[in-house]
Amino acid sequence: IEDVLKTKSPMSIEKKMVINLHLSDNIASSAMSCALKKFNISSQQFNVLRILRGQKGNPANLSTIQERMVCKMSNTTRLVDKLIEKNYVARNTCEENRRKVEIFITEKGLELLSEIDPVVEKVELEIVKNLSKEEIHELNELLEKLRS
């Protein structure tokens with residue numbers, strides 16, 4: 001990590017780990033953004049589409065989408081609005097209770113995901129290509145332990 005940062009200053013192992021996490025996240029995020037760019041959607045919009053597909057035809061509300069987002073800092077309302085503009089999702093407002101809003105993925109959104117899925121899978125495999133299945137499993141366990 002010192003070579004990457006071009007520093008000779010001693011660093012604690014904890015600091016190295018946190019910096020490594022940031023660098024790895026940047027690499028993975030950048031690769032995913034590049035893959036999604038040709039589909040004209042952001043990784044956050046992609047995340048919303050996957051969440052809605054996971055509803056298997058059932059609606060979701062904004063809070064459900066927000067709690068399932070990978071990036072909790074995302075503006076879910078804005079993301080949904082952009083996806084509505086692209087006809088990838090639809091929003092229904094309940095007539096009896098105007099505060100109740102249901103969001104669905106459209107057929108066009110499902111078609112887009114079916115195009116994107118193999119591209120994303122290829123990127124994911126490229127990101128982990130230097131790790132064995134056992135190392136990937138161990139890294140997943142360690143990262144989950146870190147977040148708990």
# chains A, B, ... in the order shown; residues from 1 in each chain; ligands from 1
>>> select_by_dssp(residues="segment 30-145 of chain A", states="alpha helix (DSSP H)", output="PyMOL selection string")
chain A and resi 30-37+43-53+62-68+76-85+107-127+133-145
>>> select_by_dssp(residues="chain A", states="strand (DSSP E or B)", output="PyMOL selection string")
chain A and resi 60+89-93+101-105
>>> closest_residue(among="A:Ile103, A:Arg78, A:Ser132, A:Leu110", to="Thr64 of chain A", atoms="only C-alpha atoms")
A:Ile103
>>> residues_around(residues="segment 28-32 of chain A", least_positions_apart="6", cutoff="12 Å", atoms="only C-alpha atoms", output="count of residues only")
24
>>> atom_distance(atom1="atom CA of Thr7 of chain A", atom2="atom CA of Leu23 of chain A")
15.4 Å
>>> residues_around(residues="segment 138-147 of chain A", least_positions_apart="2", cutoff="12 Å", atoms="only C-alpha atoms", output="list of chain:residue names")
A:Glu14, A:Met17, A:Val18, A:Leu21, A:Val128, A:Leu131, A:Ser132, A:Lys133, A:Glu134, A:Glu135, A:Ile136
>>> write_last_selection(atoms="N, CA, C and O atoms", output="PDB file, in the first residue's frame")
ATOM      1  N   GLU A  14      -4.044  -1.239  10.815  1.00  0.00           N
ATOM      2  CA  GLU A  14      -5.448  -0.824  10.728  1.00  0.00           C
ATOM      3  C   GLU A  14      -5.635   0.231   9.640  1.00  0.00           C
ATOM      4  O   GLU A  14      -6.574   0.164   8.841  1.00  0.00           O
ATOM      5  N   MET A  17      -5.416  -1.355   6.264  1.00  0.00           N
ATOM      6  CA  MET A  17      -6.631  -2.087   5.913  1.00  0.00           C
ATOM      7  C   MET A  17      -7.725  -1.139   5.440  1.00  0.00           C
ATOM      8  O   MET A  17      -8.379  -1.397   4.434  1.00  0.00           O
ATOM      9  N   VAL A  18      -7.913  -0.032   6.153  1.00  0.00           N
ATOM     10  CA  VAL A  18      -8.957   0.923   5.774  1.00  0.00           C
ATOM     11  C   VAL A  18      -8.648   1.531   4.409  1.00  0.00           C
ATOM     12  O   VAL A  18      -9.537   1.650   3.553  1.00  0.00           O
ATOM     13  N   LEU A  21      -9.383  -0.986   1.766  1.00  0.00           N
ATOM     14  CA  LEU A  21     -10.826  -1.080   1.531  1.00  0.00           C
ATOM     15  C   LEU A  21     -11.291   0.034   0.592  1.00  0.00           C
ATOM     16  O   LEU A  21     -12.048  -0.213  -0.347  1.00  0.00           O
ATOM     17  N   VAL A 128     -12.696 -10.170  -9.221  1.00  0.00           N
ATOM     18  CA  VAL A 128     -12.200 -11.187  -8.280  1.00  0.00           C
ATOM     19  C   VAL A 128     -11.301 -12.236  -8.940  1.00  0.00           C
ATOM     20  O   VAL A 128     -10.987 -13.249  -8.312  1.00  0.00           O
ATOM     21  N   LEU A 131      -8.482 -14.091  -7.075  1.00  0.00           N
ATOM     22  CA  LEU A 131      -8.807 -14.791  -5.843  1.00  0.00           C
ATOM     23  C   LEU A 131      -9.403 -16.160  -6.144  1.00  0.00           C
ATOM     24  O   LEU A 131     -10.149 -16.319  -7.104  1.00  0.00           O
ATOM     25  N   SER A 132      -9.082 -17.125  -5.305  1.00  0.00           N
ATOM     26  CA  SER A 132      -9.709 -18.444  -5.416  1.00  0.00           C
ATOM     27  C   SER A 132     -11.112 -18.373  -4.814  1.00  0.00           C
ATOM     28  O   SER A 132     -11.444 -17.425  -4.109  1.00  0.00           O
ATOM     29  N   LYS A 133     -11.918 -19.406  -5.077  1.00  0.00           N
ATOM     30  CA  LYS A 133     -13.267 -19.461  -4.490  1.00  0.00           C
ATOM     31  C   LYS A 133     -13.180 -19.434  -2.961  1.00  0.00           C
ATOM     32  O   LYS A 133     -13.992 -18.784  -2.302  1.00  0.00           O
ATOM     33  N   GLU A 134     -12.198 -20.148  -2.412  1.00  0.00           N
ATOM     34  CA  GLU A 134     -12.029 -20.170  -0.965  1.00  0.00           C
ATOM     35  C   GLU A 134     -11.670 -18.782  -0.437  1.00  0.00           C
ATOM     36  O   GLU A 134     -12.185 -18.349   0.608  1.00  0.00           O
ATOM     37  N   GLU A 135     -10.801 -18.069  -1.133  1.00  0.00           N
ATOM     38  CA  GLU A 135     -10.420 -16.718  -0.715  1.00  0.00           C
ATOM     39  C   GLU A 135     -11.605 -15.751  -0.802  1.00  0.00           C
ATOM     40  O   GLU A 135     -11.791 -14.909   0.076  1.00  0.00           O
ATOM     41  N   ILE A 136     -12.406 -15.908  -1.850  1.00  0.00           N
ATOM     42  CA  ILE A 136     -13.601 -15.061  -1.988  1.00  0.00           C
ATOM     43  C   ILE A 136     -14.549 -15.324  -0.829  1.00  0.00           C
ATOM     44  O   ILE A 136     -15.080 -14.390  -0.220  1.00  0.00           O
TER      45      ILE A 136
END
>>> closest_residue(among="A:Ile1, A:Leu49, A:Ala60, A:Leu112", to="Ile13 of chain A", atoms="only C-alpha atoms")
A:Ile1
>>> atom_distance(atom1="atom CA of Ile51 of chain A", atom2="atom CA of Ser33 of chain A")
17.8 Å
>>> decode(residues="segment 81-102 of chain A", atoms="N, CA, C and O atoms", output="compact mmCIF listing (two decimals), in the first residue's frame")
# COMPACT_ATOMS: atom_id res chain seq x y z
N ASP A 81 -37.48 8.78 -9.72
CA ASP A 81 -37.97 9.74 -10.72
C ASP A 81 -37.23 9.58 -12.04
O ASP A 81 -37.83 9.60 -13.12
N LYS A 82 -35.91 9.42 -11.97
CA LYS A 82 -35.12 9.25 -13.20
C LYS A 82 -35.49 7.95 -13.92
O LYS A 82 -35.55 7.90 -15.14
N LEU A 83 -35.73 6.90 -13.14
CA LEU A 83 -36.11 5.62 -13.74
C LEU A 83 -37.52 5.68 -14.34
O LEU A 83 -37.80 5.02 -15.34
N ILE A 84 -38.40 6.48 -13.74
CA ILE A 84 -39.74 6.69 -14.30
C ILE A 84 -39.62 7.41 -15.64
O ILE A 84 -40.28 7.03 -16.61
N GLU A 85 -38.77 8.44 -15.70
CA GLU A 85 -38.55 9.18 -16.96
C GLU A 85 -38.09 8.25 -18.08
O GLU A 85 -38.44 8.46 -19.24
N LYS A 86 -37.33 7.22 -17.73
CA LYS A 86 -36.81 6.28 -18.72
C LYS A 86 -37.77 5.11 -18.96
O LYS A 86 -37.45 4.19 -19.73
N ASN A 87 -38.91 5.13 -18.27
CA ASN A 87 -39.93 4.07 -18.38
C ASN A 87 -39.45 2.71 -17.89
O ASN A 87 -39.94 1.68 -18.34
N TYR A 88 -38.50 2.71 -16.96
CA TYR A 88 -38.02 1.46 -16.37
C TYR A 88 -38.82 1.08 -15.13
O TYR A 88 -38.84 -0.08 -14.74
N VAL A 89 -39.44 2.08 -14.48
CA VAL A 89 -40.31 1.81 -13.34
C VAL A 89 -41.56 2.67 -13.47
O VAL A 89 -41.58 3.65 -14.22
N ALA A 90 -42.59 2.28 -12.73
CA ALA A 90 -43.84 3.04 -12.69
C ALA A 90 -44.21 3.28 -11.24
O ALA A 90 -43.87 2.49 -10.35
N ARG A 91 -44.91 4.38 -11.02
CA ARG A 91 -45.34 4.74 -9.66
C ARG A 91 -46.86 4.86 -9.66
O ARG A 91 -47.43 5.49 -10.52
N ASN A 92 -47.48 4.21 -8.68
CA ASN A 92 -48.92 4.33 -8.48
C ASN A 92 -49.18 4.98 -7.13
O ASN A 92 -48.59 4.57 -6.13
N THR A 93 -50.04 5.98 -7.13
CA THR A 93 -50.43 6.65 -5.88
C THR A 93 -51.82 6.18 -5.52
O THR A 93 -52.73 6.22 -6.35
N CYS A 94 -51.97 5.75 -4.29
CA CYS A 94 -53.26 5.26 -3.79
C CYS A 94 -54.25 6.41 -3.73
O CYS A 94 -53.96 7.48 -3.20
N GLU A 95 -55.44 6.21 -4.29
CA GLU A 95 -56.46 7.26 -4.32
C GLU A 95 -56.98 7.58 -2.91
O GLU A 95 -57.22 8.73 -2.59
N GLU A 96 -57.13 6.54 -2.06
CA GLU A 96 -57.65 6.76 -0.71
C GLU A 96 -56.64 7.41 0.22
O GLU A 96 -57.00 8.15 1.13
N ASN A 97 -55.37 7.09 0.01
CA ASN A 97 -54.30 7.61 0.86
C ASN A 97 -53.17 8.09 -0.04
O ASN A 97 -52.32 7.31 -0.45
N ARG A 98 -53.14 9.38 -0.35
CA ARG A 98 -52.18 9.96 -1.31
C ARG A 98 -50.74 9.78 -0.86
O ARG A 98 -49.82 9.89 -1.66
N ARG A 99 -50.54 9.51 0.44
CA ARG A 99 -49.16 9.31 0.93
C ARG A 99 -48.65 7.91 0.59
O ARG A 99 -47.45 7.67 0.65
N LYS A 100 -49.56 7.00 0.27
CA LYS A 100 -49.16 5.63 -0.06
C LYS A 100 -48.80 5.56 -1.54
O LYS A 100 -49.66 5.70 -2.41
N VAL A 101 -47.51 5.35 -1.80
CA VAL A 101 -47.01 5.30 -3.17
C VAL A 101 -46.38 3.92 -3.40
O VAL A 101 -45.58 3.45 -2.59
N GLU A 102 -46.80 3.27 -4.48
CA GLU A 102 -46.27 1.96 -4.82
C GLU A 102 -45.42 2.08 -6.10
O GLU A 102 -45.82 2.75 -7.04
